[in-house]
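J.: File input-v8.cif follows (mmCIF, C-alpha atoms):
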```
data_data
#
loop_
_atom_site.label_atom_id
_atom_site.label_comp_id
_atom_site.auth_asym_id
_atom_site.auth_seq_id
_atom_site.Cartn_x
_atom_site.Cartn_y
_atom_site.Cartn_z
CA MET B 9 -3.10 43.48 12.64
CA PRO B 10 -6.19 41.53 11.50
CA GLU B 11 -7.21 38.78 13.85
CA ILE B 12 -7.64 35.17 12.75
CA LEU B 13 -10.13 33.56 15.08
CA ASP B 14 -11.11 30.47 13.10
CA GLY B 15 -9.32 28.10 15.53
CA ALA B 16 -7.30 26.48 12.75
CA ILE B 17 -3.87 25.13 13.62
CA ARG B 18 -1.35 26.18 10.99
CA ARG B 19 1.99 25.04 12.51
CA ALA B 20 3.45 22.46 14.83
CA VAL B 21 6.42 22.21 17.15
CA VAL B 22 8.20 18.92 17.80
CA ILE B 23 10.04 18.54 21.10
CA GLY B 24 12.63 15.78 20.74
CA ASN B 25 15.35 14.24 22.89
CA GLY B 26 17.95 13.51 20.23
CA PHE B 27 17.01 9.84 19.91
CA ALA B 28 15.68 8.69 16.55
CA GLY B 29 13.19 6.22 18.06
CA ALA B 30 11.39 9.00 19.94
CA GLU B 31 11.66 11.79 17.39
CA ASN B 32 10.52 9.63 14.46
CA GLN B 33 7.24 9.04 16.30
CA CYS B 34 6.65 12.79 16.62
CA ILE B 35 7.52 13.47 13.00
CA GLY B 36 5.38 10.56 11.86
CA LEU B 37 2.37 12.03 13.67
CA VAL B 38 2.83 15.59 12.38
CA ARG B 39 3.25 14.18 8.86
CA ALA B 40 -0.04 12.29 9.21
CA LEU B 41 -1.69 15.53 10.36
CA GLY B 42 -0.47 17.40 7.28
CA PHE B 43 2.41 19.34 8.87
CA SER B 44 5.30 17.68 7.03
CA LYS B 45 6.49 21.11 5.83
CA ARG B 46 5.01 23.20 8.62
CA HIS B 47 6.79 22.01 11.75
CA THR B 48 9.89 23.04 13.66
CA ILE B 49 12.05 20.68 15.71
CA TYR B 50 13.44 21.62 19.12
CA ARG B 51 15.40 19.35 21.43
CA VAL B 52 15.88 18.83 25.13
CA THR B 53 19.52 17.80 25.36
CA ARG B 54 21.52 16.46 28.27
CA PRO B 55 25.18 17.13 28.95
CA ARG B 56 27.25 14.36 27.37
CA GLY B 57 30.65 12.81 27.83
CA GLY B 58 32.81 11.94 30.80
CA ILE B 59 31.05 11.59 34.15
CA ASN B 60 27.70 12.58 32.60
CA ARG B 61 27.04 9.00 31.54
CA TRP B 62 26.48 8.20 35.21
CA LEU B 63 23.95 11.01 35.66
CA GLN B 64 21.39 10.00 33.02
CA TRP B 65 18.91 8.85 35.69
CA LEU B 66 18.48 12.40 37.02
CA PRO B 67 15.77 14.76 35.75
CA VAL B 68 17.36 16.73 32.93
CA SER B 69 17.08 20.10 34.70
CA ILE B 70 18.85 18.79 37.81
CA HIS B 71 21.42 17.03 35.64
CA LYS B 72 22.32 20.31 33.91
CA LYS B 73 22.65 22.21 37.20
CA LEU B 74 24.76 19.47 38.79
CA GLU B 75 26.96 19.26 35.70
CA SER B 76 27.56 23.01 35.87
CA VAL B 77 28.60 22.81 39.53
CA ILE B 78 30.92 19.83 39.00
CA ARG B 79 32.43 21.52 35.94
CA MET B 80 33.30 24.55 38.08
CA ILE B 81 34.92 22.35 40.72
CA CYS B 82 36.68 19.76 38.54
CA GLY B 83 37.30 21.66 35.34
CA LYS B 84 36.27 20.69 31.81
CA SER B 85 38.44 17.58 31.44
CA ARG B 86 35.78 15.33 32.93
CA PHE B 87 33.19 16.60 30.49
CA ARG B 88 34.63 16.07 27.06
CA THR B 89 31.56 16.16 24.88
CA PRO B 90 31.53 13.70 21.97
CA HIS B 91 30.70 15.02 18.52
CA THR B 92 27.01 14.41 17.83
CA ILE B 93 25.88 14.51 14.22
CA GLY B 94 22.71 16.44 13.46
CA LEU B 95 22.31 18.27 16.79
CA SER B 96 24.16 21.51 16.02
CA ASN B 97 21.44 23.02 13.82
CA VAL B 98 18.49 22.18 16.10
CA LEU B 99 17.36 24.73 18.68
CA GLU B 100 17.28 23.92 22.38
CA ALA B 101 13.70 23.71 23.66
CA ASP B 102 12.89 26.60 26.00
CA ALA B 103 9.43 26.39 27.56
CA HIS B 104 9.13 30.13 28.28
CA GLN B 105 10.16 31.16 24.77
CA LEU B 106 7.83 28.68 23.07
CA ALA B 107 4.91 29.59 25.32
CA THR B 108 5.49 33.30 24.63
CA MET B 109 5.61 32.62 20.91
CA ALA B 110 2.34 30.66 21.12
CA ARG B 111 0.59 33.52 22.95
CA GLU B 112 1.94 36.35 20.80
CA THR B 113 1.19 34.66 17.46
CA PHE B 114 -2.16 33.13 18.44
CA HIS B 115 -4.37 35.72 16.71
CA LYS B 116 -2.27 35.65 13.55
CA ASP B 117 -1.37 31.96 13.22
CA GLY B 118 -3.92 30.23 15.44
CA PRO B 119 -3.22 27.66 18.16
CA LEU B 120 0.16 25.92 18.38
CA LEU B 121 0.32 22.13 18.17
CA VAL B 122 3.13 20.75 20.35
CA VAL B 123 4.14 17.10 19.95
CA ALA B 124 6.76 15.65 22.29
CA SER B 125 8.22 12.21 22.98
CA GLY B 126 10.70 10.84 25.47
CA ARG B 127 11.19 11.14 29.23
CA ASP B 128 13.42 14.20 29.03
CA THR B 129 10.81 16.19 27.10
CA ILE B 130 7.99 15.80 29.64
CA SER B 131 8.93 18.74 31.87
CA VAL B 132 9.47 21.20 29.01
CA ALA B 133 6.35 20.14 27.10
CA SER B 134 4.07 20.30 30.15
CA SER B 135 5.54 23.70 31.10
CA ILE B 136 4.64 25.09 27.66
CA LYS B 137 1.06 23.94 28.22
CA ARG B 138 0.97 25.40 31.73
CA LEU B 139 2.28 28.77 30.54
CA ALA B 140 -0.02 29.03 27.51
CA PRO B 141 -3.05 26.80 28.22
CA GLU B 142 -5.41 28.69 25.89
CA ASN B 143 -2.99 28.77 22.98
CA VAL B 144 -1.42 25.30 22.90
CA PHE B 145 -2.61 21.77 22.18
CA LEU B 146 -0.11 19.33 23.68
CA VAL B 147 0.36 15.73 22.57
CA GLN B 148 2.81 13.57 24.53
CA ILE B 149 3.90 10.33 22.83
CA GLN B 150 4.98 7.49 25.13
CA HIS B 151 3.53 7.25 28.63
CA PRO B 152 4.70 10.12 30.87
CA ARG B 153 4.06 8.01 34.02
CA PHE B 154 2.67 10.85 36.14
CA HIS B 155 0.21 13.76 35.92
CA LEU B 156 -1.49 12.78 32.66
CA ASN B 157 -3.92 15.69 33.19
CA ARG B 158 -1.10 18.06 32.15
CA PHE B 159 -1.45 16.88 28.55
CA ASP B 160 -4.30 17.32 26.09
CA LEU B 161 -3.58 13.88 24.66
CA VAL B 162 -1.22 11.02 25.51
CA ILE B 163 -0.47 8.47 22.78
CA THR B 164 1.15 5.30 24.06
CA PRO B 165 1.37 1.59 23.20
CA ARG B 166 -1.11 -0.67 24.93
CA HIS B 167 1.73 -2.68 26.48
CA ASP B 168 2.66 0.35 28.62
CA TYR B 169 -0.39 -0.61 30.71
CA TYR B 170 0.82 -4.17 31.15
CA PRO B 171 1.81 -3.51 34.82
CA LEU B 172 -1.92 -3.21 35.65
CA THR B 173 -2.75 -6.70 34.41
CA PRO B 174 -3.23 -9.55 36.92
CA HIS B 175 -0.32 -11.43 35.34
CA ALA B 176 2.02 -8.47 35.89
CA GLN B 177 0.76 -7.81 39.40
CA ARG B 178 1.69 -11.34 40.40
CA GLN B 179 5.26 -10.64 39.30
CA ILE B 180 5.64 -7.53 41.48
CA PRO B 181 6.33 -7.90 45.21
CA TRP B 182 3.54 -6.19 47.13
CA PHE B 183 5.90 -3.65 48.73
CA LEU B 184 7.06 -2.45 45.29
CA ARG B 185 3.67 -2.10 43.60
CA ARG B 186 3.20 1.53 44.60
CA TRP B 187 6.39 2.40 42.73
CA VAL B 188 5.47 0.73 39.45
CA THR B 189 3.58 2.96 37.01
CA PRO B 190 1.03 3.49 35.58
CA TRP B 191 -1.19 3.33 38.64
CA GLU B 192 -4.60 3.57 36.97
CA PRO B 193 -6.27 2.55 33.69
CA PRO B 194 -6.10 4.90 30.70
CA GLY B 195 -8.30 7.96 30.95
CA ARG B 196 -10.22 9.83 28.28
CA ASN B 197 -7.14 11.69 27.08
CA VAL B 198 -5.14 8.50 26.44
CA VAL B 199 -4.92 6.92 22.96
CA LEU B 200 -3.66 3.34 22.90
CA THR B 201 -1.73 1.87 19.98
CA VAL B 202 -0.37 -1.59 19.23
CA GLY B 203 3.16 -0.42 18.45
CA ALA B 204 5.18 2.73 17.90
CA LEU B 205 4.24 5.59 15.60
CA HIS B 206 6.56 6.11 12.62
CA GLN B 207 7.14 7.90 9.31
CA ALA B 208 6.76 4.88 7.00
CA ASP B 209 3.43 5.91 5.48
CA SER B 210 2.38 5.20 1.90
CA VAL B 211 3.77 8.47 0.58
CA ALA B 212 7.16 7.91 2.23
CA LEU B 213 7.33 4.37 0.89
CA ARG B 214 6.52 5.50 -2.65
CA VAL B 215 9.32 8.07 -2.45
CA ALA B 216 11.70 5.44 -1.06
CA ALA B 217 10.72 2.95 -3.75
CA SER B 218 11.66 5.49 -6.40
CA ALA B 219 14.88 6.54 -4.68
CA TRP B 220 16.10 2.95 -4.24
CA HIS B 221 14.76 1.56 -7.53
CA ASN B 222 18.11 1.21 -9.26
CA GLU B 223 19.72 -0.63 -6.34
CA LEU B 224 16.88 -2.84 -5.10
CA ALA B 225 14.39 -3.39 -7.94
CA THR B 226 16.74 -5.65 -9.90
CA LEU B 227 17.55 -7.99 -7.00
CA PRO B 228 16.27 -11.58 -7.44
CA LYS B 229 12.93 -12.17 -5.73
CA PRO B 230 11.77 -12.82 -3.12
CA LEU B 231 13.86 -10.28 -1.25
CA LEU B 232 14.21 -11.06 2.46
CA VAL B 233 15.32 -8.10 4.59
CA VAL B 234 16.96 -8.89 7.94
CA ASN B 235 17.05 -6.06 10.50
CA VAL B 236 19.28 -6.66 13.52
CA GLY B 237 19.01 -4.38 16.55
CA GLY B 238 20.76 -4.91 19.84
CA PRO B 239 20.05 -6.59 23.18
CA THR B 240 18.20 -4.59 25.84
CA GLY B 241 17.40 -5.14 29.49
CA ASN B 242 13.95 -6.54 28.68
CA CYS B 243 14.94 -8.28 25.43
CA PRO B 244 18.37 -9.76 26.20
CA TYR B 245 20.21 -11.95 23.73
CA GLY B 246 23.76 -12.68 22.74
CA VAL B 247 25.98 -14.82 20.59
CA ASP B 248 23.89 -17.98 21.02
CA LEU B 249 20.76 -16.43 19.50
CA VAL B 250 22.74 -14.93 16.64
CA LYS B 251 24.24 -18.32 15.85
CA GLU B 252 20.70 -19.72 15.79
CA LEU B 253 19.70 -16.89 13.45
CA VAL B 254 22.56 -17.79 11.10
CA VAL B 255 21.42 -21.43 10.96
CA MET B 256 17.78 -20.43 10.33
CA LEU B 257 18.76 -18.02 7.55
CA GLN B 258 20.89 -20.72 5.94
CA ASN B 259 17.89 -23.06 6.12
CA VAL B 260 15.54 -20.63 4.34
CA LEU B 261 18.13 -19.38 1.88
CA TRP B 262 17.02 -21.85 -0.79
CA SER B 263 13.60 -20.14 -0.95
CA CYS B 264 15.03 -16.59 -1.23
CA GLY B 265 16.11 -14.79 -4.35
CA SER B 266 18.26 -12.47 -2.23
CA ILE B 267 18.83 -11.41 1.38
CA ARG B 268 19.75 -7.92 2.59
CA ILE B 269 21.06 -7.59 6.17
CA SER B 270 21.42 -4.32 8.04
CA PHE B 271 22.42 -3.45 11.60
CA SER B 272 21.32 -0.65 13.90
CA ARG B 273 23.52 1.69 15.90
CA ARG B 274 22.83 -0.53 18.93
CA THR B 275 24.14 -3.73 17.34
CA PRO B 276 27.23 -4.96 19.26
CA ASP B 277 30.29 -5.75 17.13
CA LYS B 278 30.39 -9.34 18.38
CA ILE B 279 26.90 -9.89 16.92
CA SER B 280 27.44 -8.18 13.57
CA LYS B 281 30.79 -9.92 13.07
CA ILE B 282 29.20 -13.37 13.37
CA LEU B 283 26.63 -12.60 10.68
CA VAL B 284 29.25 -11.08 8.40
CA LYS B 285 31.63 -14.00 8.87
CA GLU B 286 29.02 -16.71 8.26
CA LEU B 287 26.92 -15.13 5.49
CA SER B 288 28.83 -12.46 3.58
CA SER B 289 30.47 -14.93 1.21
CA ASN B 290 27.11 -16.21 -0.06
CA PRO B 291 26.27 -14.62 -3.44
CA LYS B 292 22.61 -14.25 -2.44
CA VAL B 293 23.47 -12.19 0.64
CA GLN B 294 24.24 -8.46 0.81
CA ILE B 295 25.19 -6.81 4.11
CA TRP B 296 25.00 -3.05 4.54
CA ASP B 297 28.28 -1.88 6.07
CA GLY B 298 26.93 1.38 7.45
CA GLU B 299 28.54 3.47 4.71
CA GLY B 300 26.50 5.74 2.47
CA PRO B 301 22.74 6.40 2.68
CA ASN B 302 20.77 4.24 5.10
CA PRO B 303 18.69 1.79 3.02
CA HIS B 304 16.07 1.26 5.74
CA MET B 305 13.17 3.01 3.96
CA GLY B 306 14.17 1.39 0.68
CA HIS B 307 14.10 -1.99 2.38
CA LEU B 308 10.60 -1.32 3.72
CA ALA B 309 9.46 -0.42 0.22
CA TRP B 310 11.08 -3.26 -1.75
CA ALA B 311 11.22 -6.21 0.67
CA ASP B 312 8.96 -9.21 0.17
CA ALA B 313 9.41 -10.36 3.78
CA PHE B 314 11.24 -9.31 6.95
CA VAL B 315 13.22 -10.97 9.73
CA ILE B 316 13.61 -8.63 12.72
CA THR B 317 15.13 -9.07 16.18
CA ALA B 318 12.57 -8.71 18.95
CA ASP B 319 14.28 -5.83 20.77
CA SER B 320 13.13 -3.06 18.40
CA VAL B 321 9.52 -1.94 18.81
CA SER B 322 10.09 0.72 16.14
CA MET B 323 11.43 -1.60 13.42
CA LEU B 324 8.70 -4.15 14.10
CA SER B 325 5.99 -1.48 14.03
CA GLU B 326 7.21 -0.16 10.68
CA ALA B 327 7.47 -3.61 9.09
CA CYS B 328 4.04 -4.66 10.40
CA SER B 329 2.49 -1.61 8.74
CA THR B 330 3.48 -2.90 5.26
CA GLY B 331 1.20 -5.96 5.20
CA LYS B 332 4.21 -8.13 4.25
CA PRO B 333 5.31 -11.24 6.20
CA VAL B 334 7.25 -10.37 9.36
CA TYR B 335 9.28 -13.00 11.23
CA VAL B 336 10.62 -12.25 14.71
CA VAL B 337 13.80 -13.60 16.29
CA GLY B 338 14.21 -13.74 20.06
CA ALA B 339 10.63 -12.97 21.11
CA GLU B 340 10.72 -15.78 23.67
CA LEU B 341 13.56 -13.98 25.48
CA CYS B 342 11.61 -10.76 26.05
CA THR B 343 10.26 -10.03 29.51
CA TRP B 344 7.74 -7.75 31.21
CA LYS B 345 5.78 -5.41 28.92
CA PHE B 346 7.96 -6.24 25.91
CA ALA B 347 6.83 -9.85 26.10
CA ASP B 348 3.27 -8.48 26.13
CA PHE B 349 4.07 -6.50 22.97
CA GLN B 350 5.34 -9.64 21.22
CA ASN B 351 2.21 -11.52 22.26
CA SER B 352 0.10 -8.68 20.89
CA LEU B 353 1.78 -8.89 17.48
CA GLN B 354 1.12 -12.63 17.40
CA LYS B 355 -2.54 -12.17 18.38
CA HIS B 356 -3.05 -9.55 15.67
CA GLY B 357 -1.54 -11.98 13.16
CA VAL B 358 1.01 -9.43 11.95
CA ALA B 359 4.16 -11.33 13.00
CA ARG B 360 5.35 -14.90 13.45
CA SER B 361 8.39 -16.44 15.10
CA LEU B 362 11.14 -17.49 12.71
CA THR B 363 11.73 -21.25 12.84
CA GLY B 364 14.03 -21.86 9.88
CA LYS B 365 11.42 -24.06 8.21
CA GLU B 366 9.73 -21.25 6.27
CA ASN B 367 9.39 -21.02 2.51
CA ILE B 368 9.92 -17.30 1.95
CA SER B 369 8.43 -17.52 -1.55
CA GLU B 370 5.07 -18.48 0.04
CA SER B 371 3.75 -15.11 1.14
CA TRP B 372 1.04 -14.45 3.73
CA SER B 373 -0.81 -11.26 4.55
CA TYR B 374 -2.76 -9.51 7.29
CA PRO B 375 -4.50 -6.18 7.92
CA PRO B 376 -1.49 -3.88 8.38
CA LEU B 377 -0.99 -1.96 11.59
CA ASN B 378 -2.18 1.59 11.06
CA ASP B 379 -1.30 3.16 14.40
CA THR B 380 -0.01 6.49 13.08
CA ALA B 381 -3.07 7.25 10.94
CA GLU B 382 -5.44 6.12 13.69
CA ALA B 383 -3.64 8.26 16.26
CA SER B 384 -3.84 11.29 13.98
CA SER B 385 -7.60 10.78 13.69
CA GLN B 386 -7.84 10.82 17.49
CA VAL B 387 -5.86 14.07 17.59
CA ILE B 388 -8.27 15.65 15.10
CA SER B 389 -11.25 14.50 17.19
CA ALA B 390 -9.72 15.89 20.38
CA LEU B 391 -9.03 19.20 18.64
CA ALA B 392 -12.66 19.36 17.48
CA GLN B 393 -13.76 19.13 21.12
CA ARG B 394 -11.79 22.32 21.75
CA GLY B 395 -13.38 23.92 18.67
CA TRP B 396 -10.07 23.74 16.77
CA THR B 397 -9.22 22.24 13.39
CA ILE B 398 -6.21 21.49 11.22
CA HIS B 399 -5.66 24.16 8.55
CA ALA B 400 -5.43 22.48 5.14
#
```
Mind turning this structure into structure tokens?

T.:
Amino acid sequence: MPEILDGAIRRAVVIGNGFAGAENQCIGLVRALGFSKRHTIYRVTRPRGGINRWLQWLPVSIHKKLESVIRMICGKSRFRTPHTIGLSNVLEADAHQLATMARETFHKDGPLLVVASGRDTISVASSIKRLAPENVFLVQIQHPRFHLNRFDLVITPRHDYYPLTPHAQRQIPWFLRRWVTPWEPPGRNVVLTVGALHQADSVALRVAASAWHNELATLPKPLLVVNVGGPTGNCPYGVDLVKELVVMLQNVLWSCGSIRISFSRRTPDKISKILVKELSSNPKVQIWDGEGPNPHMGHLAWADAFVITADSVSMLSEACSTGKPVYVVGAELCTWKFADFQNSLQKHGVARSLTGKENISESWSYPPLNDTAEASSQVISALAQRGWTIHA
């Protein structure tokens, strides 16, 4: 077999955890690197259903072993696994198999690029690197908390280092500081971004604009897209904030040609029902009911402005990469590093708080966030230091 020793990477492996927010970051990066049709997705999956929801805090390997023991003792009734769409045709990530594949195909296909994201992927991804250090380039997205030297590159938002700031240190009791990570400033193998990586690049938006042309192009302008997520521990909100959102949308409605509202899978029913009840009867307002194709990419392509709840780093990062006005709801309720993220968006001039006094027809602009493209450039530079390149 002829050897290929040019050091060109010809394929990529994505290690996901089954959550769209993490996996979209990996896919966004490999797309930016030119591997949109040359990557394979594997997943690290946890046991689901029944008592397993109480075991999510355990490392995934221990969780699987404990689940197996309890299943033997208690039977299968406590472990009814819910149907999960889209997981059945994705292979389970096996560190030994992937490392073996990287070693055995190295001379034919060159080095293997591995991109992983999410806490549950850390052990598998770092094991692949440990087992095939000369054949693998490993990129971990989101801060792995410990042992950053196990990765060739770590790509993480700047707000993940918020715990090291003086303001954060004052909030942590001295006896807990040793348990709060990260413990040291970013090293040479750490790439900092403003927000999350994503797939909403110019090519994807052009495709979405074409796909959604018939449904969205004819809507009266300006089109205001409202994306509603769901409350989290560090961005809590409830009915009161949603009622405020309804009033603010009613106040800006005069300046909109149309409004499109969509909810995420995390949106509680009590929140979505308020918006539907108060706004669905207005002829200017359309609310996506969750049926049919998700219009999210179409909204990014055709919107003239966005209103987004503060809980979703991903949705905010995507919207702020379009250069269109982005208004945030609930930023003042965010705490810890998520408050730092909101402050960062304000400082970069890419987002403003919604007040209800806006004239949506009066647009404003800013240099769009370009985290995914900038991160891909850093990957290419790091590869060059190893003497490796991306095969065109």

J.: Name the residues in contact with Gln177 in chain B at a cut-off of 12 Å, using only C-alpha atoms, excluding same-chain residues fewer than 3 positions from it; report them as a ChimeraX atom specification.

T.: /B:169-174,180-186,188-191,344-345

J.: Hey, could you make a per-residue contact list for range 146-228 of chain B against range 36-45 of chain B with 9 Å as the cut-off, showing the nearest pair of atoms and its distance in Å to one decimal, counting all atoms listed in the file, sorted by chain and number, as CSV?

T.:
```
residue,atom,partner,partner_atom,distance
B:Leu205,CA,B:Gly36,CA,6.3
B:His206,CA,B:Gly36,CA,4.7
B:Gln207,CA,B:Gly36,CA,4.1
B:Ala208,CA,B:Gly36,CA,7.6
B:Asp209,CA,B:Gly36,CA,8.1
```

J.: Under the PyMOL selection byres ((chain B and resi 136) around 7), which residues of this model are included? Write them out as a list in words.

T.: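 Answer for the PyMOL selection byres ((chain B and resi 136) around 7): Ala103, His104, Leu106, Ala107, Val132, Ala133, Ser134, Ser135, Lys137, Arg138, Leu139 and Ala140 of chain B.
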
J.: Write the residues of the preceding selection, restricted to C-alpha atoms, as a CSV table (one decimal), in the frame of the given file.

T.:
```
chain,number,residue,atom,x,y,z
B,103,ALA,CA,9.4,26.4,27.6
B,104,HIS,CA,9.1,30.1,28.3
B,106,LEU,CA,7.8,28.7,23.1
B,107,ALA,CA,4.9,29.6,25.3
B,132,VAL,CA,9.5,21.2,29.0
B,133,ALA,CA,6.4,20.1,27.1
B,134,SER,CA,4.1,20.3,30.2
B,135,SER,CA,5.5,23.7,31.1
B,137,LYS,CA,1.1,23.9,28.2
B,138,ARG,CA,1.0,25.4,31.7
B,139,LEU,CA,2.3,28.8,30.5
B,140,ALA,CA,0.0,29.0,27.5
```

J.: Would you list the contacts of Val233 in chain B as a list of chain:residue names, taking every protein, DNA or RNA residue within 7 Å and counting only C-alpha atoms, but skipping same-chain residues closer than 6 positions in sequence?

T.: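 Contacts, with the query itself left out: B:Ile267, B:Arg268, B:Ile269, B:His307, B:Ala311, B:Ala313, B:Phe314, B:Val315.
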
J.: Show me, as JSON, numbers by chain, the residues that have an atom within 8 Å of range 280-296 of chain B when counting all atoms listed in the file, minus same-chain residues fewer than 5 positions from it.

T.: {"B": [250, 251, 254, 265, 266, 267, 268, 269, 270, 271, 275]}

J.: Have a look at CA of Val52 in chain B and CA of Arg127 in chain B and let me know their distance in Å, one decimal.

T.: 9.9 Å

J.: Using only C-alpha atoms, what does the table of range 108-158 of chain B residues within 8 Å of range 11-35 of chain B look like, with each row giving the shortest atom pair and its distance in Å to one decimal, sorted by chain and ascending number, as JSON lines?

T.:
```
{"residue": "B:His115", "atom": "CA", "partner": "B:Glu11", "partner_atom": "CA", "distance": 5.1}
{"residue": "B:Lys116", "atom": "CA", "partner": "B:Ile12", "partner_atom": "CA", "distance": 5.5}
{"residue": "B:Asp117", "atom": "CA", "partner": "B:Arg18", "partner_atom": "CA", "distance": 6.2}
{"residue": "B:Gly118", "atom": "CA", "partner": "B:Ile17", "partner_atom": "CA", "distance": 5.4}
{"residue": "B:Pro119", "atom": "CA", "partner": "B:Ile17", "partner_atom": "CA", "distance": 5.2}
{"residue": "B:Leu120", "atom": "CA", "partner": "B:Ala20", "partner_atom": "CA", "distance": 5.9}
{"residue": "B:Leu121", "atom": "CA", "partner": "B:Ala20", "partner_atom": "CA", "distance": 4.6}
{"residue": "B:Val122", "atom": "CA", "partner": "B:Val21", "partner_atom": "CA", "distance": 4.8}
{"residue": "B:Val123", "atom": "CA", "partner": "B:Val22", "partner_atom": "CA", "distance": 4.9}
{"residue": "B:Ala124", "atom": "CA", "partner": "B:Ile23", "partner_atom": "CA", "distance": 4.5}
{"residue": "B:Ser125", "atom": "CA", "partner": "B:Ala30", "partner_atom": "CA", "distance": 5.4}
{"residue": "B:Gly126", "atom": "CA", "partner": "B:Ala30", "partner_atom": "CA", "distance": 5.9}
{"residue": "B:Asp128", "atom": "CA", "partner": "B:Asn25", "partner_atom": "CA", "distance": 6.4}
{"residue": "B:Thr129", "atom": "CA", "partner": "B:Ile23", "partner_atom": "CA", "distance": 6.5}
{"residue": "B:Ala133", "atom": "CA", "partner": "B:Ile23", "partner_atom": "CA", "distance": 7.2}
{"residue": "B:Ile149", "atom": "CA", "partner": "B:Cys34", "partner_atom": "CA", "distance": 7.2}
```

J.: Take the selection from the previous step and output its residues with C-alpha atoms, as an mmCIF file, keeping the file's coordinate frame.

T.:
```
data_model
loop_
_atom_site.group_PDB
_atom_site.id
_atom_site.type_symbol
_atom_site.label_atom_id
_atom_site.label_comp_id
_atom_site.auth_asym_id
_atom_site.auth_seq_id
_atom_site.Cartn_x
_atom_site.Cartn_y
_atom_site.Cartn_z
ATOM 1 C CA HIS B 115 -4.370 35.720 16.710
ATOM 2 C CA LYS B 116 -2.270 35.650 13.550
ATOM 3 C CA ASP B 117 -1.370 31.960 13.220
ATOM 4 C CA GLY B 118 -3.920 30.230 15.440
ATOM 5 C CA PRO B 119 -3.220 27.660 18.160
ATOM 6 C CA LEU B 120 0.160 25.920 18.380
ATOM 7 C CA LEU B 121 0.320 22.130 18.170
ATOM 8 C CA VAL B 122 3.130 20.750 20.350
ATOM 9 C CA VAL B 123 4.140 17.100 19.950
ATOM 10 C CA ALA B 124 6.760 15.650 22.290
ATOM 11 C CA SER B 125 8.220 12.210 22.980
ATOM 12 C CA GLY B 126 10.700 10.840 25.470
ATOM 13 C CA ASP B 128 13.420 14.200 29.030
ATOM 14 C CA THR B 129 10.810 16.190 27.100
ATOM 15 C CA ALA B 133 6.350 20.140 27.100
ATOM 16 C CA ILE B 149 3.900 10.330 22.830
#
```

J.: List the neighbours of range 351-362 of chain B out to 8 Å using only C-alpha atoms; skip same-chain residues closer than 3 positions along the sequence, and give me the result as a list in words.

T.: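 The contact residues come out as Val202, Met256, Val315, Cys328, Gly331, Pro333, Val334, Tyr335, Val336, Val337, Ala339, Ala347, Asp348, Lys365, Glu366, Ser373, Tyr374, Pro375, Pro376 and Leu377 of chain B.
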
J.: Report, in Å to a single decimal, how far apart CA of Ala390 in chain B and CA of Arg46 in chain B are.

T.: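 Interatomic distance here is 20.2 Å.
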
J.: Taking the block just given, write range 340-361 of chain B to a file that holds C-alpha atoms, as a PDB file, in the first residue's frame.

T.:
```pdb
ATOM      1  CA  GLU B 340     -30.594  41.373  34.298  1.00  0.00           C
ATOM      2  CA  LEU B 341     -31.723  38.081  35.876  1.00  0.00           C
ATOM      3  CA  CYS B 342     -28.626  36.129  34.826  1.00  0.00           C
ATOM      4  CA  THR B 343     -25.997  35.342  37.433  1.00  0.00           C
ATOM      5  CA  TRP B 344     -22.383  34.199  37.636  1.00  0.00           C
ATOM      6  CA  LYS B 345     -20.603  33.657  34.305  1.00  0.00           C
ATOM      7  CA  PHE B 346     -23.827  34.033  32.320  1.00  0.00           C
ATOM      8  CA  ALA B 347     -24.161  37.596  33.563  1.00  0.00           C
ATOM      9  CA  ASP B 348     -20.580  38.097  32.363  1.00  0.00           C
ATOM     10  CA  PHE B 349     -21.607  36.773  28.935  1.00  0.00           C
ATOM     11  CA  GLN B 350     -24.490  39.248  28.745  1.00  0.00           C
ATOM     12  CA  ASN B 351     -22.161  42.087  29.724  1.00  0.00           C
ATOM     13  CA  SER B 352     -19.741  40.977  27.016  1.00  0.00           C
ATOM     14  CA  LEU B 353     -22.441  41.160  24.340  1.00  0.00           C
ATOM     15  CA  GLN B 354     -23.329  44.669  25.478  1.00  0.00           C
ATOM     16  CA  LYS B 355     -19.674  45.768  25.451  1.00  0.00           C
ATOM     17  CA  HIS B 356     -19.173  44.413  21.933  1.00  0.00           C
ATOM     18  CA  GLY B 357     -22.258  46.347  20.843  1.00  0.00           C
ATOM     19  CA  VAL B 358     -23.903  43.260  19.345  1.00  0.00           C
ATOM     20  CA  ALA B 359     -26.961  43.156  21.632  1.00  0.00           C
ATOM     21  CA  ARG B 360     -29.181  45.528  23.580  1.00  0.00           C
ATOM     22  CA  SER B 361     -31.808  45.026  26.261  1.00  0.00           C
TER      23      SER B 361
END
```
